[in-house]
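Shown next: query.tsv, given as TSV, N, CA and C atoms.
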chain	number	residue	atom	x	y	z
A	1	MET	N	32.14	57.80	11.31
A	1	MET	CA	33.28	57.14	10.70
A	1	MET	C	34.55	57.88	11.11
A	2	LYS	N	35.54	57.10	11.51
A	2	LYS	CA	36.83	57.68	11.91
A	2	LYS	C	37.76	57.72	10.70
A	3	ASP	N	38.51	58.80	10.61
A	3	ASP	CA	39.50	58.97	9.55
A	3	ASP	C	40.87	58.65	10.15
A	4	ILE	N	41.49	57.58	9.66
A	4	ILE	CA	42.77	57.13	10.21
A	4	ILE	C	43.84	57.19	9.14
A	5	LYS	N	44.98	57.76	9.51
A	5	LYS	CA	46.13	57.79	8.61
A	5	LYS	C	47.26	57.03	9.26
A	6	VAL	N	47.86	56.15	8.48
A	6	VAL	CA	49.04	55.41	8.92
A	6	VAL	C	50.21	55.97	8.14
A	7	TYR	N	51.18	56.53	8.86
A	7	TYR	CA	52.33	57.17	8.23
A	7	TYR	C	53.53	56.24	8.24
A	8	GLY	N	54.17	56.09	7.08
A	8	GLY	CA	55.38	55.29	6.99
A	8	GLY	C	55.81	55.10	5.56
A	9	PRO	N	57.08	54.77	5.35
A	9	PRO	CA	57.62	54.65	4.00
A	9	PRO	C	57.23	53.36	3.28
A	10	GLY	N	56.54	52.46	3.95
A	10	GLY	CA	56.16	51.20	3.31
A	10	GLY	C	56.96	50.01	3.82
A	11	CYS	N	57.61	50.18	4.95
A	11	CYS	CA	58.40	49.10	5.54
A	11	CYS	C	57.47	48.05	6.15
A	12	LYS	N	58.04	46.95	6.59
A	12	LYS	CA	57.25	45.86	7.16
A	12	LYS	C	56.47	46.31	8.40
A	13	ARG	N	57.11	47.09	9.27
A	13	ARG	CA	56.42	47.58	10.47
A	13	ARG	C	55.24	48.48	10.12
A	14	CYS	N	55.41	49.29	9.10
A	14	CYS	CA	54.34	50.19	8.67
A	14	CYS	C	53.16	49.40	8.10
A	15	ASN	N	53.47	48.39	7.30
A	15	ASN	CA	52.42	47.55	6.74
A	15	ASN	C	51.70	46.77	7.83
A	16	THR	N	52.46	46.28	8.82
A	16	THR	CA	51.87	45.55	9.94
A	16	THR	C	50.97	46.47	10.75
A	17	THR	N	51.39	47.72	10.95
A	17	THR	CA	50.58	48.68	11.69
A	17	THR	C	49.26	48.93	10.97
A	18	GLU	N	49.31	49.08	9.67
A	18	GLU	CA	48.08	49.28	8.89
A	18	GLU	C	47.14	48.08	9.07
A	19	THR	N	47.68	46.89	9.00
A	19	THR	CA	46.89	45.67	9.19
A	19	THR	C	46.29	45.64	10.59
A	20	MET	N	47.09	45.99	11.59
A	20	MET	CA	46.60	46.01	12.98
A	20	MET	C	45.42	46.98	13.13
A	21	VAL	N	45.52	48.14	12.51
A	21	VAL	CA	44.46	49.15	12.60
A	21	VAL	C	43.18	48.61	11.96
A	22	ARG	N	43.29	48.04	10.78
A	22	ARG	CA	42.12	47.51	10.08
A	22	ARG	C	41.47	46.38	10.87
A	23	GLU	N	42.30	45.47	11.40
A	23	GLU	CA	41.78	44.32	12.15
A	23	GLU	C	41.13	44.77	13.46
A	24	ALA	N	41.72	45.74	14.14
A	24	ALA	CA	41.15	46.25	15.39
A	24	ALA	C	39.80	46.92	15.12
A	25	ALA	N	39.71	47.71	14.08
A	25	ALA	CA	38.45	48.38	13.75
A	25	ALA	C	37.37	47.36	13.43
A	26	GLU	N	37.73	46.34	12.68
A	26	GLU	CA	36.76	45.29	12.33
A	26	GLU	C	36.31	44.54	13.59
A	27	ARG	N	37.25	44.20	14.44
A	27	ARG	CA	36.95	43.48	15.68
A	27	ARG	C	36.03	44.30	16.58
A	28	LEU	N	36.23	45.62	16.60
A	28	LEU	CA	35.43	46.51	17.44
A	28	LEU	C	34.12	46.94	16.76
A	29	GLY	N	33.97	46.57	15.50
A	29	GLY	CA	32.75	46.92	14.77
A	29	GLY	C	32.66	48.40	14.42
A	30	LEU	N	33.80	49.02	14.16
A	30	LEU	CA	33.84	50.44	13.86
A	30	LEU	C	34.01	50.68	12.37
A	31	GLU	N	33.35	51.73	11.88
A	31	GLU	CA	33.53	52.15	10.50
A	31	GLU	C	34.72	53.10	10.46
A	32	VAL	N	35.71	52.75	9.65
A	32	VAL	CA	36.90	53.59	9.54
A	32	VAL	C	37.30	53.75	8.08
A	33	ALA	N	37.96	54.85	7.80
A	33	ALA	CA	38.59	55.09	6.51
A	33	ALA	C	40.09	55.14	6.79
A	34	VAL	N	40.83	54.15	6.31
A	34	VAL	CA	42.26	54.07	6.57
A	34	VAL	C	43.02	54.52	5.32
A	35	GLU	N	43.91	55.47	5.52
A	35	GLU	CA	44.76	55.96	4.43
A	35	GLU	C	46.21	55.73	4.81
A	36	LYS	N	46.98	55.18	3.89
A	36	LYS	CA	48.41	54.97	4.12
A	36	LYS	C	49.15	56.14	3.48
A	37	VAL	N	49.95	56.83	4.27
A	37	VAL	CA	50.70	57.99	3.79
A	37	VAL	C	52.18	57.61	3.72
A	38	THR	N	52.73	57.60	2.51
A	38	THR	CA	54.12	57.19	2.32
A	38	THR	C	55.04	58.32	1.88
A	39	ASP	N	54.47	59.47	1.55
A	39	ASP	CA	55.26	60.61	1.10
A	39	ASP	C	56.07	61.19	2.26
A	40	PRO	N	57.40	61.21	2.16
A	40	PRO	CA	58.24	61.70	3.26
A	40	PRO	C	57.90	63.12	3.71
A	41	ARG	N	57.56	63.97	2.77
A	41	ARG	CA	57.21	65.35	3.12
A	41	ARG	C	55.91	65.39	3.92
A	42	ALA	N	54.91	64.62	3.50
A	42	ALA	CA	53.63	64.59	4.21
A	42	ALA	C	53.80	64.00	5.61
A	43	ILE	N	54.69	63.01	5.73
A	43	ILE	CA	54.97	62.41	7.03
A	43	ILE	C	55.57	63.45	7.96
A	44	ALA	N	56.55	64.20	7.46
A	44	ALA	CA	57.20	65.24	8.26
A	44	ALA	C	56.22	66.35	8.62
A	45	MET	N	55.37	66.75	7.68
A	45	MET	CA	54.39	67.82	7.92
A	45	MET	C	53.39	67.41	9.01
A	46	ALA	N	53.15	66.10	9.15
A	46	ALA	CA	52.22	65.61	10.16
A	46	ALA	C	52.87	65.55	11.54
A	47	GLY	N	54.18	65.80	11.59
A	47	GLY	CA	54.89	65.79	12.87
A	47	GLY	C	55.38	64.41	13.29
A	48	VAL	N	55.39	63.47	12.36
A	48	VAL	CA	55.85	62.11	12.66
A	48	VAL	C	57.37	62.08	12.51
A	49	MET	N	58.06	61.93	13.63
A	49	MET	CA	59.52	61.90	13.60
A	49	MET	C	60.06	60.48	13.52
A	50	SER	N	59.24	59.51	13.88
A	50	SER	CA	59.63	58.11	13.84
A	50	SER	C	58.43	57.30	13.35
A	51	THR	N	58.65	56.47	12.34
A	51	THR	CA	57.55	55.70	11.78
A	51	THR	C	57.54	54.30	12.35
A	52	PRO	N	56.41	53.64	12.30
A	52	PRO	CA	55.14	54.10	11.77
A	52	PRO	C	54.42	55.06	12.72
A	53	GLY	N	53.59	55.88	12.14
A	53	GLY	CA	52.78	56.81	12.92
A	53	GLY	C	51.31	56.59	12.62
A	54	ILE	N	50.47	56.93	13.59
A	54	ILE	CA	49.03	56.80	13.42
A	54	ILE	C	48.36	58.11	13.85
A	55	ALA	N	47.50	58.61	12.99
A	55	ALA	CA	46.67	59.77	13.33
A	55	ALA	C	45.21	59.35	13.20
A	56	ILE	N	44.42	59.70	14.20
A	56	ILE	CA	42.99	59.41	14.18
A	56	ILE	C	42.24	60.73	14.22
A	57	ASP	N	41.44	60.96	13.21
A	57	ASP	CA	40.68	62.21	13.07
A	57	ASP	C	41.58	63.43	13.22
A	58	GLY	N	42.76	63.37	12.59
A	58	GLY	CA	43.67	64.50	12.56
A	58	GLY	C	44.58	64.64	13.76
A	59	LYS	N	44.45	63.77	14.76
A	59	LYS	CA	45.29	63.85	15.96
A	59	LYS	C	46.30	62.71	15.95
A	60	LEU	N	47.58	63.06	16.02
A	60	LEU	CA	48.64	62.06	16.06
A	60	LEU	C	48.60	61.35	17.41
A	61	VAL	N	48.39	60.03	17.39
A	61	VAL	CA	48.28	59.28	18.64
A	61	VAL	C	49.45	58.33	18.86
A	62	HIS	N	50.25	58.08	17.81
A	62	HIS	CA	51.35	57.12	17.96
A	62	HIS	C	52.43	57.42	16.92
A	63	ALA	N	53.68	57.24	17.34
A	63	ALA	CA	54.80	57.35	16.41
A	63	ALA	C	55.93	56.46	16.90
A	64	GLY	N	56.47	55.66	16.02
A	64	GLY	CA	57.63	54.82	16.33
A	64	GLY	C	57.28	53.45	16.85
A	65	GLY	N	57.58	52.43	16.07
A	65	GLY	CA	57.35	51.05	16.49
A	65	GLY	C	55.90	50.63	16.35
A	66	LEU	N	55.67	49.35	16.58
A	66	LEU	CA	54.32	48.83	16.50
A	66	LEU	C	53.51	49.29	17.72
A	67	PRO	N	52.25	49.67	17.50
A	67	PRO	CA	51.44	50.11	18.62
A	67	PRO	C	51.01	48.93	19.49
A	68	ASP	N	50.80	49.20	20.76
A	68	ASP	CA	50.27	48.20	21.67
A	68	ASP	C	48.80	47.96	21.30
A	69	ALA	N	48.40	46.69	21.22
A	69	ALA	CA	47.04	46.35	20.79
A	69	ALA	C	45.98	46.96	21.70
A	70	ALA	N	46.19	46.94	23.01
A	70	ALA	CA	45.21	47.50	23.95
A	70	ALA	C	45.09	49.01	23.77
A	71	LYS	N	46.21	49.68	23.57
A	71	LYS	CA	46.18	51.13	23.34
A	71	LYS	C	45.48	51.45	22.02
A	72	LEU	N	45.75	50.64	21.00
A	72	LEU	CA	45.12	50.85	19.70
A	72	LEU	C	43.61	50.75	19.82
A	73	ASP	N	43.12	49.75	20.55
A	73	ASP	CA	41.69	49.61	20.78
A	73	ASP	C	41.13	50.84	21.48
A	74	ALA	N	41.84	51.32	22.50
A	74	ALA	CA	41.39	52.50	23.24
A	74	ALA	C	41.34	53.73	22.36
A	75	TRP	N	42.33	53.93	21.51
A	75	TRP	CA	42.35	55.07	20.60
A	75	TRP	C	41.17	55.01	19.64
A	76	LEU	N	40.87	53.82	19.15
A	76	LEU	CA	39.78	53.68	18.19
A	76	LEU	C	38.41	53.89	18.84
A	77	LYS	N	38.28	53.48	20.08
A	77	LYS	CA	37.01	53.63	20.82
A	77	LYS	C	36.74	55.07	21.23
A	78	ALA	N	37.80	55.85	21.41
A	78	ALA	CA	37.65	57.24	21.92
A	78	ALA	C	36.92	58.12	20.93

Would it be possible to restate this file's structure as structure tokens?
Amino acid sequence: MKDIKVYGPGCKRCNTTETMVREAAERLGLEVAVEKVTDPRAIAMAGVMSTPGIAIDGKLVHAGGLPDAAKLDAWLKA
């Protein structure tokens, strides 16, 4: 099971990113635990300078804007 954190204050892009992550995992048949992190301090501590951000198993893989769907699939498969 992959541990995924979506970092963001709760804006529309952040919510869309969370939905994209969940839908991609389901489409790929992967078991994931998705956590939404909205605390500004926790976001900064994770090194996310621009939201939304995505961390998979503790590694920050994306920050700023909506992720590319193909890249998201690749990150989840890795």

Where does DSSP see strand (DSSP E or B) in region 4-77 of chain A, if you list the residues as a PDB file with N, CA and C atoms, in the frame of the given file?
ATOM      1  N   ILE A   4      41.490  57.580   9.660  1.00  0.00           N
ATOM      2  CA  ILE A   4      42.770  57.130  10.210  1.00  0.00           C
ATOM      3  C   ILE A   4      43.840  57.190   9.140  1.00  0.00           C
ATOM      4  N   LYS A   5      44.980  57.760   9.510  1.00  0.00           N
ATOM      5  CA  LYS A   5      46.130  57.790   8.610  1.00  0.00           C
ATOM      6  C   LYS A   5      47.260  57.030   9.260  1.00  0.00           C
ATOM      7  N   VAL A   6      47.860  56.150   8.480  1.00  0.00           N
ATOM      8  CA  VAL A   6      49.040  55.410   8.920  1.00  0.00           C
ATOM      9  C   VAL A   6      50.210  55.970   8.140  1.00  0.00           C
ATOM     10  N   TYR A   7      51.180  56.530   8.860  1.00  0.00           N
ATOM     11  CA  TYR A   7      52.330  57.170   8.230  1.00  0.00           C
ATOM     12  C   TYR A   7      53.530  56.240   8.240  1.00  0.00           C
ATOM     13  N   VAL A  32      35.710  52.750   9.650  1.00  0.00           N
ATOM     14  CA  VAL A  32      36.900  53.590   9.540  1.00  0.00           C
ATOM     15  C   VAL A  32      37.300  53.750   8.080  1.00  0.00           C
ATOM     16  N   ALA A  33      37.960  54.850   7.800  1.00  0.00           N
ATOM     17  CA  ALA A  33      38.590  55.090   6.510  1.00  0.00           C
ATOM     18  C   ALA A  33      40.090  55.140   6.790  1.00  0.00           C
ATOM     19  N   VAL A  34      40.830  54.150   6.310  1.00  0.00           N
ATOM     20  CA  VAL A  34      42.260  54.070   6.570  1.00  0.00           C
ATOM     21  C   VAL A  34      43.020  54.520   5.320  1.00  0.00           C
ATOM     22  N   GLU A  35      43.910  55.470   5.520  1.00  0.00           N
ATOM     23  CA  GLU A  35      44.760  55.960   4.430  1.00  0.00           C
ATOM     24  C   GLU A  35      46.210  55.730   4.810  1.00  0.00           C
ATOM     25  N   LYS A  36      46.980  55.180   3.890  1.00  0.00           N
ATOM     26  CA  LYS A  36      48.410  54.970   4.120  1.00  0.00           C
ATOM     27  C   LYS A  36      49.150  56.140   3.480  1.00  0.00           C
ATOM     28  N   VAL A  37      49.950  56.830   4.270  1.00  0.00           N
ATOM     29  CA  VAL A  37      50.700  57.990   3.790  1.00  0.00           C
ATOM     30  C   VAL A  37      52.180  57.610   3.720  1.00  0.00           C
ATOM     31  N   GLY A  53      53.590  55.880  12.140  1.00  0.00           N
ATOM     32  CA  GLY A  53      52.780  56.810  12.920  1.00  0.00           C
ATOM     33  C   GLY A  53      51.310  56.590  12.620  1.00  0.00           C
ATOM     34  N   ILE A  54      50.470  56.930  13.590  1.00  0.00           N
ATOM     35  CA  ILE A  54      49.030  56.800  13.420  1.00  0.00           C
ATOM     36  C   ILE A  54      48.360  58.110  13.850  1.00  0.00           C
ATOM     37  N   ALA A  55      47.500  58.610  12.990  1.00  0.00           N
ATOM     38  CA  ALA A  55      46.670  59.770  13.330  1.00  0.00           C
ATOM     39  C   ALA A  55      45.210  59.350  13.200  1.00  0.00           C
ATOM     40  N   ILE A  56      44.420  59.700  14.200  1.00  0.00           N
ATOM     41  CA  ILE A  56      42.990  59.410  14.180  1.00  0.00           C
ATOM     42  C   ILE A  56      42.240  60.730  14.220  1.00  0.00           C
ATOM     43  N   LYS A  59      44.450  63.770  14.760  1.00  0.00           N
ATOM     44  CA  LYS A  59      45.290  63.850  15.960  1.00  0.00           C
ATOM     45  C   LYS A  59      46.300  62.710  15.950  1.00  0.00           C
ATOM     46  N   LEU A  60      47.580  63.060  16.020  1.00  0.00           N
ATOM     47  CA  LEU A  60      48.640  62.060  16.060  1.00  0.00           C
ATOM     48  C   LEU A  60      48.600  61.350  17.410  1.00  0.00           C
ATOM     49  N   VAL A  61      48.390  60.030  17.390  1.00  0.00           N
ATOM     50  CA  VAL A  61      48.280  59.280  18.640  1.00  0.00           C
ATOM     51  C   VAL A  61      49.450  58.330  18.860  1.00  0.00           C
ATOM     52  N   HIS A  62      50.250  58.080  17.810  1.00  0.00           N
ATOM     53  CA  HIS A  62      51.350  57.120  17.960  1.00  0.00           C
ATOM     54  C   HIS A  62      52.430  57.420  16.920  1.00  0.00           C
ATOM     55  N   ALA A  63      53.680  57.240  17.340  1.00  0.00           N
ATOM     56  CA  ALA A  63      54.800  57.350  16.410  1.00  0.00           C
ATOM     57  C   ALA A  63      55.930  56.460  16.900  1.00  0.00           C
TER      58      ALA A  63
END

- Using all atoms listed in the file, which residue out of A:Ile56, A:Cys11, A:Ala63, A:Val37 lies closest to Trp75 (chain A)?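 With all atoms listed in the file as the atom set, the closest residue is A:Ile56.
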
- Message: Using all atoms listed in the file, list the residues that have an atom at most 6 Å from (57.8, 57.2, 9.0), coordinates as in the file, as a list in words.
- Response: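 The residues near that point, listed by chain and number, are Tyr7, Gly8, Pro9, Ser50, Thr51, Pro52 and Gly53 of chain A.
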
- Quote the spacing between atom N of Thr38 (chain A) and atom N of Glu18 (chain A) in Å to one decimal place.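 The value is 11.6 Å.
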
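Of the residues in region 8-58 of chain A, those given alpha helix (DSSP H) by DSSP on the backbone are Lys12, Arg13, Cys14, Asn15, Thr16, Thr17, Glu18, Thr19, Met20, Val21, Arg22, Glu23, Ala24, Ala25, Glu26, Arg27, Leu28, Pro40, Arg41, Ala42, Ile43, Ala44 and Met45 of chain A.
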
Written selection (N, CA and C atoms) as a JSON list (two decimals), keeping the file's coordinate frame:
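The file below, part-v9.json, is the result:
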[["chain", "number", "residue", "atom", "x", "y", "z"],
["A", 12, "LYS", "N", 58.04, 46.95, 6.59],
["A", 12, "LYS", "CA", 57.25, 45.86, 7.16],
["A", 12, "LYS", "C", 56.47, 46.31, 8.40],
["A", 13, "ARG", "N", 57.11, 47.09, 9.27],
["A", 13, "ARG", "CA", 56.42, 47.58, 10.47],
["A", 13, "ARG", "C", 55.24, 48.48, 10.12],
["A", 14, "CYS", "N", 55.41, 49.29, 9.10],
["A", 14, "CYS", "CA", 54.34, 50.19, 8.67],
["A", 14, "CYS", "C", 53.16, 49.40, 8.10],
["A", 15, "ASN", "N", 53.47, 48.39, 7.30],
["A", 15, "ASN", "CA", 52.42, 47.55, 6.74],
["A", 15, "ASN", "C", 51.70, 46.77, 7.83],
["A", 16, "THR", "N", 52.46, 46.28, 8.82],
["A", 16, "THR", "CA", 51.87, 45.55, 9.94],
["A", 16, "THR", "C", 50.97, 46.47, 10.75],
["A", 17, "THR", "N", 51.39, 47.72, 10.95],
["A", 17, "THR", "CA", 50.58, 48.68, 11.69],
["A", 17, "THR", "C", 49.26, 48.93, 10.97],
["A", 18, "GLU", "N", 49.31, 49.08, 9.67],
["A", 18, "GLU", "CA", 48.08, 49.28, 8.89],
["A", 18, "GLU", "C", 47.14, 48.08, 9.07],
["A", 19, "THR", "N", 47.68, 46.89, 9.00],
["A", 19, "THR", "CA", 46.89, 45.67, 9.19],
["A", 19, "THR", "C", 46.29, 45.64, 10.59],
["A", 20, "MET", "N", 47.09, 45.99, 11.59],
["A", 20, "MET", "CA", 46.60, 46.01, 12.98],
["A", 20, "MET", "C", 45.42, 46.98, 13.13],
["A", 21, "VAL", "N", 45.52, 48.14, 12.51],
["A", 21, "VAL", "CA", 44.46, 49.15, 12.60],
["A", 21, "VAL", "C", 43.18, 48.61, 11.96],
["A", 22, "ARG", "N", 43.29, 48.04, 10.78],
["A", 22, "ARG", "CA", 42.12, 47.51, 10.08],
["A", 22, "ARG", "C", 41.47, 46.38, 10.87],
["A", 23, "GLU", "N", 42.30, 45.47, 11.40],
["A", 23, "GLU", "CA", 41.78, 44.32, 12.15],
["A", 23, "GLU", "C", 41.13, 44.77, 13.46],
["A", 24, "ALA", "N", 41.72, 45.74, 14.14],
["A", 24, "ALA", "CA", 41.15, 46.25, 15.39],
["A", 24, "ALA", "C", 39.80, 46.92, 15.12],
["A", 25, "ALA", "N", 39.71, 47.71, 14.08],
["A", 25, "ALA", "CA", 38.45, 48.38, 13.75],
["A", 25, "ALA", "C", 37.37, 47.36, 13.43],
["A", 26, "GLU", "N", 37.73, 46.34, 12.68],
["A", 26, "GLU", "CA", 36.76, 45.29, 12.33],
["A", 26, "GLU", "C", 36.31, 44.54, 13.59],
["A", 27, "ARG", "N", 37.25, 44.20, 14.44],
["A", 27, "ARG", "CA", 36.95, 43.48, 15.68],
["A", 27, "ARG", "C", 36.03, 44.30, 16.58],
["A", 28, "LEU", "N", 36.23, 45.62, 16.60],
["A", 28, "LEU", "CA", 35.43, 46.51, 17.44],
["A", 28, "LEU", "C", 34.12, 46.94, 16.76],
["A", 40, "PRO", "N", 57.40, 61.21, 2.16],
["A", 40, "PRO", "CA", 58.24, 61.70, 3.26],
["A", 40, "PRO", "C", 57.90, 63.12, 3.71],
["A", 41, "ARG", "N", 57.56, 63.97, 2.77],
["A", 41, "ARG", "CA", 57.21, 65.35, 3.12],
["A", 41, "ARG", "C", 55.91, 65.39, 3.92],
["A", 42, "ALA", "N", 54.91, 64.62, 3.50],
["A", 42, "ALA", "CA", 53.63, 64.59, 4.21],
["A", 42, "ALA", "C", 53.80, 64.00, 5.61],
["A", 43, "ILE", "N", 54.69, 63.01, 5.73],
["A", 43, "ILE", "CA", 54.97, 62.41, 7.03],
["A", 43, "ILE", "C", 55.57, 63.45, 7.96],
["A", 44, "ALA", "N", 56.55, 64.20, 7.46],
["A", 44, "ALA", "CA", 57.20, 65.24, 8.26],
["A", 44, "ALA", "C", 56.22, 66.35, 8.62],
["A", 45, "MET", "N", 55.37, 66.75, 7.68],
["A", 45, "MET", "CA", 54.39, 67.82, 7.92],
["A", 45, "MET", "C", 53.39, 67.41, 9.01]]

- Could you pull out every residue with an atom within 8 Å of (40.2, 49.1, 9.1), file coordinates, counting only C-alpha atoms, and send them as number ranges by chain? A: 18-19, 21-26, 31-34
